[in-house]
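Text of run.csv (CSV, N, CA and C atoms) as supplied:
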```
chain,number,residue,atom,x,y,z
V,1,MET,N,-38.9,1.2,98.7
V,1,MET,CA,-40.2,1.8,98.8
V,1,MET,C,-40.2,2.8,99.9
V,2,ASP,N,-41.0,3.9,99.8
V,2,ASP,CA,-41.0,4.9,100.8
V,2,ASP,C,-42.0,4.6,101.9
V,3,GLU,N,-41.8,5.2,103.0
V,3,GLU,CA,-42.7,5.0,104.1
V,3,GLU,C,-44.0,5.8,103.8
V,4,LEU,N,-45.0,5.5,104.5
V,4,LEU,CA,-46.3,6.2,104.3
V,4,LEU,C,-46.3,7.6,104.9
V,5,THR,N,-47.0,8.5,104.2
V,5,THR,CA,-47.1,9.8,104.7
V,5,THR,C,-48.3,9.9,105.7
V,6,ALA,N,-48.3,10.9,106.5
V,6,ALA,CA,-49.4,11.1,107.5
V,6,ALA,C,-50.8,11.1,106.8
V,7,GLU,N,-50.9,11.7,105.6
V,7,GLU,CA,-52.1,11.7,104.9
V,7,GLU,C,-52.5,10.2,104.4
V,8,GLN,N,-51.6,9.5,104.0
V,8,GLN,CA,-51.8,8.1,103.5
V,8,GLN,C,-52.2,7.3,104.7
V,9,LEU,N,-51.5,7.4,105.9
V,9,LEU,CA,-51.9,6.7,107.1
V,9,LEU,C,-53.3,7.0,107.5
V,10,ALA,N,-53.7,8.3,107.5
V,10,ALA,CA,-55.0,8.7,107.9
V,10,ALA,C,-56.1,8.1,106.9
V,11,GLN,N,-55.8,8.0,105.7
V,11,GLN,CA,-56.7,7.4,104.7
V,11,GLN,C,-56.9,6.0,105.0
V,12,LEU,N,-55.8,5.3,105.2
V,12,LEU,CA,-55.8,3.8,105.5
V,12,LEU,C,-56.5,3.5,106.8
V,13,LYS,N,-56.3,4.4,107.8
V,13,LYS,CA,-56.9,4.2,109.1
V,13,LYS,C,-58.4,4.3,109.0
V,14,ALA,N,-58.9,5.3,108.2
V,14,ALA,CA,-60.3,5.5,108.0
V,14,ALA,C,-60.9,4.3,107.3
V,15,ALA,N,-60.2,3.8,106.3
V,15,ALA,CA,-60.7,2.6,105.6
V,15,ALA,C,-60.8,1.4,106.6
V,16,LEU,N,-59.8,1.2,107.4
V,16,LEU,CA,-59.8,0.1,108.4
V,16,LEU,C,-61.0,0.2,109.4
V,17,LEU,N,-61.1,1.5,109.9
V,17,LEU,CA,-62.2,1.7,110.8
V,17,LEU,C,-63.6,1.5,110.2
V,18,ALA,N,-63.8,1.9,109.0
V,18,ALA,CA,-65.1,1.7,108.3
V,18,ALA,C,-65.3,0.2,108.1
V,19,THR,N,-64.3,-0.5,107.7
V,19,THR,CA,-64.5,-2.0,107.4
V,19,THR,C,-64.7,-2.7,108.8
V,20,GLN,N,-64.1,-2.2,109.8
V,20,GLN,CA,-64.3,-2.8,111.1
V,20,GLN,C,-65.7,-2.6,111.6
V,21,ALA,N,-66.2,-1.4,111.4
V,21,ALA,CA,-67.6,-1.1,111.8
V,21,ALA,C,-68.6,-2.0,111.0
V,22,SER,N,-68.3,-2.1,109.7
V,22,SER,CA,-69.2,-2.9,108.8
V,22,SER,C,-69.2,-4.4,109.2
V,23,LEU,N,-68.0,-4.9,109.5
V,23,LEU,CA,-67.9,-6.3,109.9
V,23,LEU,C,-68.6,-6.6,111.3
V,24,GLU,N,-68.4,-5.7,112.2
V,24,GLU,CA,-69.0,-5.8,113.5
V,24,GLU,C,-70.5,-5.8,113.4
V,25,GLU,N,-71.1,-4.9,112.5
V,25,GLU,CA,-72.5,-4.9,112.3
V,25,GLU,C,-73.0,-6.2,111.6
V,26,GLN,N,-72.2,-6.6,110.6
V,26,GLN,CA,-72.6,-7.9,109.9
V,26,GLN,C,-72.6,-9.1,110.9
V,27,LEU,N,-71.6,-9.2,111.8
V,27,LEU,CA,-71.5,-10.3,112.7
V,27,LEU,C,-72.7,-10.2,113.7
V,28,GLN,N,-73.0,-9.0,114.1
V,28,GLN,CA,-74.1,-8.8,115.0
V,28,GLN,C,-75.5,-9.3,114.4
V,29,GLY,N,-75.6,-8.9,113.1
V,29,GLY,CA,-76.8,-9.2,112.4
V,29,GLY,C,-77.0,-10.6,112.0
V,30,ASN,N,-76.0,-11.4,111.8
V,30,ASN,CA,-76.2,-12.8,111.4
V,30,ASN,C,-75.9,-13.8,112.5
V,31,LYS,N,-75.9,-13.3,113.7
V,31,LYS,CA,-75.6,-14.2,114.8
V,31,LYS,C,-76.7,-15.3,114.9
V,32,SER,N,-77.9,-15.0,114.7
V,32,SER,CA,-79.0,-16.0,114.8
V,32,SER,C,-79.0,-17.0,113.6
V,33,ALA,N,-78.4,-16.6,112.5
V,33,ALA,CA,-78.4,-17.5,111.3
V,33,ALA,C,-77.5,-18.7,111.5
V,34,SER,N,-76.5,-18.6,112.4
V,34,SER,CA,-75.6,-19.7,112.7
V,34,SER,C,-76.0,-20.6,113.9
V,35,GLU,N,-77.1,-20.3,114.5
V,35,GLU,CA,-77.6,-21.1,115.6
V,35,GLU,C,-78.1,-22.4,115.2
V,36,ALA,N,-78.3,-23.3,116.1
V,36,ALA,CA,-78.8,-24.6,115.8
V,36,ALA,C,-80.2,-24.6,115.1
V,37,VAL,N,-80.3,-25.5,114.1
V,37,VAL,CA,-81.5,-25.6,113.3
V,37,VAL,C,-82.5,-26.4,114.1
V,38,THR,N,-83.7,-25.9,114.4
V,38,THR,CA,-84.7,-26.7,115.1
V,38,THR,C,-86.0,-26.5,114.4
V,39,LEU,N,-86.2,-27.4,113.5
V,39,LEU,CA,-87.5,-27.4,112.7
V,39,LEU,C,-88.3,-28.6,113.2
V,40,ASP,N,-89.6,-28.4,113.3
V,40,ASP,CA,-90.6,-29.4,113.6
V,40,ASP,C,-90.8,-30.3,112.4
V,41,GLN,N,-90.3,-31.5,112.3
V,41,GLN,CA,-90.5,-32.3,111.1
V,41,GLN,C,-91.9,-32.7,110.8
V,42,THR,N,-92.8,-32.5,111.8
V,42,THR,CA,-94.2,-32.8,111.4
V,42,THR,C,-94.8,-31.6,110.6
V,43,LEU,N,-94.1,-30.5,110.6
V,43,LEU,CA,-94.6,-29.3,109.9
V,43,LEU,C,-93.8,-29.1,108.6
V,44,VAL,N,-92.6,-29.4,108.6
V,44,VAL,CA,-91.7,-29.3,107.4
V,44,VAL,C,-91.1,-30.6,107.0
V,45,GLY,N,-90.9,-30.8,105.8
V,45,GLY,CA,-90.3,-32.0,105.3
V,45,GLY,C,-88.8,-32.1,105.5
V,46,ARG,N,-88.3,-33.3,105.3
V,46,ARG,CA,-86.9,-33.6,105.5
V,46,ARG,C,-86.0,-32.8,104.6
V,47,VAL,N,-86.4,-32.5,103.3
V,47,VAL,CA,-85.7,-31.7,102.4
V,47,VAL,C,-85.5,-30.2,103.0
V,48,SER,N,-86.6,-29.7,103.5
V,48,SER,CA,-86.6,-28.4,104.1
V,48,SER,C,-85.6,-28.3,105.3
V,49,ARG,N,-85.6,-29.3,106.1
V,49,ARG,CA,-84.6,-29.4,107.2
V,49,ARG,C,-83.2,-29.4,106.7
V,50,MET,N,-82.9,-30.3,105.6
V,50,MET,CA,-81.6,-30.4,105.1
V,50,MET,C,-81.2,-29.0,104.5
V,51,ASP,N,-82.1,-28.3,103.8
V,51,ASP,CA,-81.8,-27.0,103.3
V,51,ASP,C,-81.5,-26.0,104.4
V,52,ALA,N,-82.2,-26.1,105.4
V,52,ALA,CA,-82.0,-25.2,106.6
V,52,ALA,C,-80.6,-25.5,107.2
V,53,MET,N,-80.2,-26.7,107.3
V,53,MET,CA,-78.9,-27.1,107.8
V,53,MET,C,-77.8,-26.6,106.9
V,54,GLN,N,-78.0,-26.7,105.6
V,54,GLN,CA,-77.0,-26.3,104.7
V,54,GLN,C,-76.8,-24.8,104.8
V,55,GLN,N,-77.9,-24.0,104.9
V,55,GLN,CA,-77.9,-22.6,105.0
V,55,GLN,C,-77.2,-22.2,106.3
V,56,GLN,N,-77.4,-23.0,107.4
V,56,GLN,CA,-76.8,-22.8,108.6
V,56,GLN,C,-75.2,-22.9,108.5
V,57,GLN,N,-74.8,-24.0,107.8
V,57,GLN,CA,-73.4,-24.2,107.6
V,57,GLN,C,-72.7,-23.1,106.8
V,58,MET,N,-73.5,-22.6,105.8
V,58,MET,CA,-72.9,-21.5,105.0
V,58,MET,C,-72.8,-20.2,105.9
V,59,ALA,N,-73.8,-20.0,106.8
V,59,ALA,CA,-73.8,-18.9,107.7
V,59,ALA,C,-72.6,-19.0,108.7
V,60,ILE,N,-72.3,-20.2,109.1
V,60,ILE,CA,-71.2,-20.4,110.0
V,60,ILE,C,-69.9,-20.1,109.3
V,61,SER,N,-69.8,-20.6,108.1
V,61,SER,CA,-68.6,-20.3,107.3
V,61,SER,C,-68.4,-18.8,107.1
V,62,THR,N,-69.4,-18.2,106.7
V,62,THR,CA,-69.4,-16.7,106.4
V,62,THR,C,-69.0,-16.0,107.7
V,63,ARG,N,-69.6,-16.4,108.8
V,63,ARG,CA,-69.3,-15.8,110.1
V,63,ARG,C,-67.8,-16.0,110.4
V,64,ALA,N,-67.3,-17.1,110.2
V,64,ALA,CA,-65.9,-17.4,110.6
V,64,ALA,C,-64.9,-16.5,109.7
V,65,GLN,N,-65.3,-16.4,108.4
V,65,GLN,CA,-64.5,-15.6,107.5
V,65,GLN,C,-64.5,-14.1,108.0
V,66,ALA,N,-65.7,-13.6,108.4
V,66,ALA,CA,-65.8,-12.3,108.8
V,66,ALA,C,-65.1,-12.0,110.1
V,67,GLU,N,-65.1,-13.0,111.0
V,67,GLU,CA,-64.4,-12.9,112.3
V,67,GLU,C,-62.9,-12.9,112.0
V,68,GLN,N,-62.4,-13.7,111.1
V,68,GLN,CA,-61.0,-13.7,110.8
V,68,GLN,C,-60.6,-12.3,110.2
V,69,HIS,N,-61.4,-11.8,109.2
V,69,HIS,CA,-61.1,-10.5,108.6
V,69,HIS,C,-61.1,-9.4,109.7
V,70,LEU,N,-62.0,-9.5,110.6
V,70,LEU,CA,-62.1,-8.5,111.7
V,70,LEU,C,-60.8,-8.6,112.6
V,71,GLN,N,-60.3,-9.8,112.8
V,71,GLN,CA,-59.1,-9.9,113.6
V,71,GLN,C,-57.9,-9.3,112.9
V,72,GLN,N,-57.8,-9.5,111.6
V,72,GLN,CA,-56.8,-8.9,110.8
V,72,GLN,C,-56.8,-7.4,110.8
V,73,ILE,N,-58.0,-6.8,110.8
V,73,ILE,CA,-58.2,-5.4,110.9
V,73,ILE,C,-57.7,-4.9,112.3
V,74,ARG,N,-58.1,-5.6,113.3
V,74,ARG,CA,-57.7,-5.2,114.7
V,74,ARG,C,-56.2,-5.2,114.8
V,75,LEU,N,-55.6,-6.2,114.2
V,75,LEU,CA,-54.1,-6.3,114.3
V,75,LEU,C,-53.5,-5.2,113.5
V,76,ALA,N,-54.0,-4.8,112.4
V,76,ALA,CA,-53.5,-3.7,111.6
V,76,ALA,C,-53.6,-2.4,112.3
V,77,LEU,N,-54.8,-2.2,113.0
V,77,LEU,CA,-55.0,-1.0,113.8
V,77,LEU,C,-54.0,-0.9,115.0
V,78,ALA,N,-53.7,-2.1,115.6
V,78,ALA,CA,-52.8,-2.1,116.7
V,78,ALA,C,-51.4,-1.8,116.2
V,79,ALA,N,-51.0,-2.3,115.0
V,79,ALA,CA,-49.7,-2.0,114.4
V,79,ALA,C,-49.6,-0.6,114.1
V,80,MET,N,-50.7,0.0,113.6
V,80,MET,CA,-50.7,1.5,113.3
V,80,MET,C,-50.5,2.3,114.6
V,81,ALA,N,-51.1,1.9,115.7
V,81,ALA,CA,-50.9,2.6,117.0
V,81,ALA,C,-49.5,2.4,117.5
V,82,SER,N,-48.9,1.3,117.2
V,82,SER,CA,-47.5,1.1,117.7
V,82,SER,C,-46.4,1.6,116.8
V,83,GLY,N,-46.8,2.1,115.6
V,83,GLY,CA,-45.9,2.6,114.6
V,83,GLY,C,-45.3,1.5,113.7
V,84,ASP,N,-45.8,0.3,113.8
V,84,ASP,CA,-45.3,-0.8,113.0
V,84,ASP,C,-46.1,-1.0,111.7
V,85,TYR,N,-47.1,-0.3,111.5
V,85,TYR,CA,-48.0,-0.5,110.3
V,85,TYR,C,-47.3,-0.1,109.0
V,86,GLY,N,-47.6,-0.9,108.0
V,86,GLY,CA,-47.0,-0.5,106.7
V,86,GLY,C,-45.7,-1.2,106.4
V,87,PHE,N,-45.2,-2.1,107.3
V,87,PHE,CA,-44.0,-2.8,107.2
V,87,PHE,C,-44.3,-4.3,107.2
V,88,CYS,N,-43.7,-5.1,106.3
V,88,CYS,CA,-44.0,-6.5,106.1
V,88,CYS,C,-43.5,-7.2,107.4
V,89,ARG,N,-44.4,-8.1,107.8
V,89,ARG,CA,-44.0,-8.9,109.1
V,89,ARG,C,-43.0,-9.9,108.8
V,90,ARG,N,-42.7,-10.2,107.6
V,90,ARG,CA,-41.7,-11.3,107.3
V,90,ARG,C,-40.3,-10.7,106.9
V,91,CYS,N,-40.3,-9.7,106.0
V,91,CYS,CA,-39.0,-9.1,105.6
V,91,CYS,C,-38.7,-7.7,106.1
V,92,ASP,N,-39.7,-7.1,106.8
V,92,ASP,CA,-39.6,-5.8,107.4
V,92,ASP,C,-39.4,-4.7,106.4
V,93,GLU,N,-39.7,-5.0,105.1
V,93,GLU,CA,-39.6,-3.9,104.1
V,93,GLU,C,-41.0,-3.2,104.1
V,94,ALA,N,-41.0,-1.9,103.6
V,94,ALA,CA,-42.2,-1.2,103.5
V,94,ALA,C,-43.2,-1.8,102.5
V,95,ILE,N,-44.4,-1.8,102.9
V,95,ILE,CA,-45.5,-2.4,102.0
V,95,ILE,C,-46.0,-1.2,101.2
V,96,GLY,N,-46.1,-1.3,99.9
V,96,GLY,CA,-46.5,-0.3,99.0
V,96,GLY,C,-47.9,0.3,99.3
V,97,PHE,N,-48.0,1.6,99.1
V,97,PHE,CA,-49.3,2.2,99.4
V,97,PHE,C,-50.4,1.6,98.5
V,98,ALA,N,-50.1,1.3,97.3
V,98,ALA,CA,-51.2,0.8,96.4
V,98,ALA,C,-51.7,-0.6,97.0
V,99,ARG,N,-50.8,-1.4,97.5
V,99,ARG,CA,-51.2,-2.7,98.1
V,99,ARG,C,-52.0,-2.4,99.3
V,100,LEU,N,-51.6,-1.5,100.1
V,100,LEU,CA,-52.4,-1.2,101.4
V,100,LEU,C,-53.7,-0.6,101.1
V,101,GLN,N,-53.8,0.2,100.0
V,101,GLN,CA,-55.1,0.7,99.6
V,101,GLN,C,-56.1,-0.4,99.2
V,102,ALA,N,-55.5,-1.4,98.5
V,102,ALA,CA,-56.3,-2.6,98.1
V,102,ALA,C,-56.7,-3.5,99.3
V,103,ARG,N,-55.7,-3.7,100.2
V,103,ARG,CA,-55.9,-4.5,101.4
V,103,ARG,C,-55.3,-3.9,102.6
V,104,PRO,N,-55.9,-2.9,103.2
V,104,PRO,CA,-55.2,-2.2,104.3
V,104,PRO,C,-54.9,-3.0,105.5
V,105,GLU,N,-55.5,-4.2,105.6
V,105,GLU,CA,-55.2,-5.1,106.8
V,105,GLU,C,-54.0,-6.0,106.5
V,106,THR,N,-53.5,-6.0,105.3
V,106,THR,CA,-52.4,-7.0,105.0
V,106,THR,C,-51.2,-6.8,105.8
V,107,PRO,N,-50.6,-7.9,106.3
V,107,PRO,CA,-49.4,-7.8,107.1
V,107,PRO,C,-48.1,-8.1,106.3
V,108,LEU,N,-48.3,-8.4,105.0
V,108,LEU,CA,-47.2,-8.9,104.1
V,108,LEU,C,-47.1,-8.0,102.9
V,109,CYS,N,-45.8,-7.8,102.4
V,109,CYS,CA,-45.6,-7.2,101.2
V,109,CYS,C,-46.0,-8.2,100.1
V,110,ILE,N,-46.1,-7.7,98.9
V,110,ILE,CA,-46.6,-8.5,97.7
V,110,ILE,C,-45.6,-9.7,97.5
V,111,ALA,N,-44.3,-9.4,97.6
V,111,ALA,CA,-43.3,-10.5,97.4
V,111,ALA,C,-43.4,-11.6,98.4
V,112,CYS,N,-43.5,-11.3,99.7
V,112,CYS,CA,-43.7,-12.3,100.7
V,112,CYS,C,-45.0,-13.0,100.6
V,113,GLN,N,-46.1,-12.3,100.2
V,113,GLN,CA,-47.4,-12.9,100.0
V,113,GLN,C,-47.3,-13.9,98.9
V,114,ASN,N,-46.7,-13.5,97.8
V,114,ASN,CA,-46.5,-14.5,96.7
V,114,ASN,C,-45.8,-15.7,97.1
V,115,ARG,N,-44.7,-15.6,97.8
V,115,ARG,CA,-43.9,-16.7,98.3
V,115,ARG,C,-44.8,-17.6,99.2
V,116,LEU,N,-45.6,-17.0,100.0
V,116,LEU,CA,-46.5,-17.8,100.9
V,116,LEU,C,-47.5,-18.5,100.1
V,117,ASP,N,-48.1,-17.9,99.1
V,117,ASP,CA,-49.1,-18.5,98.3
V,117,ASP,C,-48.6,-19.7,97.5
V,118,GLN,N,-47.3,-19.7,97.1
V,118,GLN,CA,-46.7,-20.7,96.3
V,118,GLN,C,-46.3,-21.9,97.2
V,119,GLN,N,-46.4,-21.8,98.4
V,119,GLN,CA,-46.0,-23.0,99.3
V,119,GLN,C,-47.0,-24.0,99.3
```

Rendering of file as structure tokens:
Amino acid sequence: MDELTAEQLAQLKAALLATQASLEEQLQGNKSASEAVTLDQTLVGRVSRMDAMQQQQMAISTRAQAEQHLQQIRLALAAMASGDYGFCRRCDEAIGFARLQARPETPLCIACQNRLDQQ
């Protein structure tokens, strides 16, 4: 596979930066949703409290996923800055542009990702 062109790198960097900004905004916005549930049981029933706790757990899970995705994006941007972006972290082969367009934060080529998924 060929290395990425300057135009392709610029396109992928723009996508990474846009996703980073979106995730940071999302994380800032849902910070309160994952805080402790404090409902007055004299005003709301037990089912309402259980529902609120379930929603809290879903918010915590969503937040963790967003934080992990943001970390992957930061690592990809750091790799881009150091000149290591676009190369598989396992086999050091170039990652195809089509794969990077689909998942610009990916650290693995499709072959290594497939092997990892089958483990």

**Message:** My list of candidates is V:Gln113, V:Glu25, V:Glu105, V:Gln119. Which is closest to Ala78 in chain V when distances are computed with only C-alpha atoms?
**Reply:**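 Comparing V:Gln113, V:Glu25, V:Glu105, V:Gln119 against Ala78 in chain V, the winner is V:Glu105.
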
For range 14-20 of chain V, please output as a JSON list (two decimals) with N, CA and C atoms, in the frame of the given file all residues within 7 Å (counting only N, CA and C atoms; exclusion window: fewer than 6 positions along the same chain).
```
[["chain", "number", "residue", "atom", "x", "y", "z"],
["V", 70, "LEU", "N", -62.00, -9.50, 110.60],
["V", 70, "LEU", "CA", -62.10, -8.50, 111.70],
["V", 70, "LEU", "C", -60.80, -8.60, 112.60],
["V", 73, "ILE", "N", -58.00, -6.80, 110.80],
["V", 73, "ILE", "CA", -58.20, -5.40, 110.90],
["V", 73, "ILE", "C", -57.70, -4.90, 112.30],
["V", 104, "PRO", "N", -55.90, -2.90, 103.20],
["V", 104, "PRO", "CA", -55.20, -2.20, 104.30],
["V", 104, "PRO", "C", -54.90, -3.00, 105.50],
["V", 105, "GLU", "N", -55.50, -4.20, 105.60],
["V", 105, "GLU", "CA", -55.20, -5.10, 106.80],
["V", 105, "GLU", "C", -54.00, -6.00, 106.50]]
```

**Item:** Interatomic distance (Å, one decimal) between CA of Gln71 in chain V and atom N of Ser22 in chain V
**Value:**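 Between CA of Gln71 in chain V and atom N of Ser22 in chain V the gap works out to 12.7 Å.
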
**Contacts of Gly86 in chain V within 8 Å, only C-alpha atoms, excl. fewer than 3 positions in-chain, as a PyMOL selection string** = chain V and resi 3-4+80+94-96+100+107

**Prompt:** Distance atom C of Gln8 in chain V-atom C of Glu24 in chain V, one decimal place?
**Reply:**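 These atoms are spaced 24.1 Å apart.
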
**Prompt:** Expressed in Å to a single decimal, how great is the separation between CA of Glu67 in chain V and CA of Gly29 in chain V?
**Reply:**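 These two atoms are separated by 12.9 Å.
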
As lines of an AutoDock Vina configuration file, what would the box around range 49-68 of chain V look like: edges along x, y and z, 3 Å added on every side, centre and edge lengths in Å to one decimal?
```
center_x = -73.1
center_y = -21.2
center_z = 107.8
size_x = 31.0
size_y = 24.4
size_z = 15.0
```

**Message:** Nearest residue to Ala59 in chain V out of V:Asn30, V:Ala6, V:Asn114, V:Asp92, using all atoms listed in the file?
**Reply:**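 Of V:Asn30, V:Ala6, V:Asn114, V:Asp92, the one nearest Ala59 in chain V is V:Asn30, counting all atoms listed in the file.
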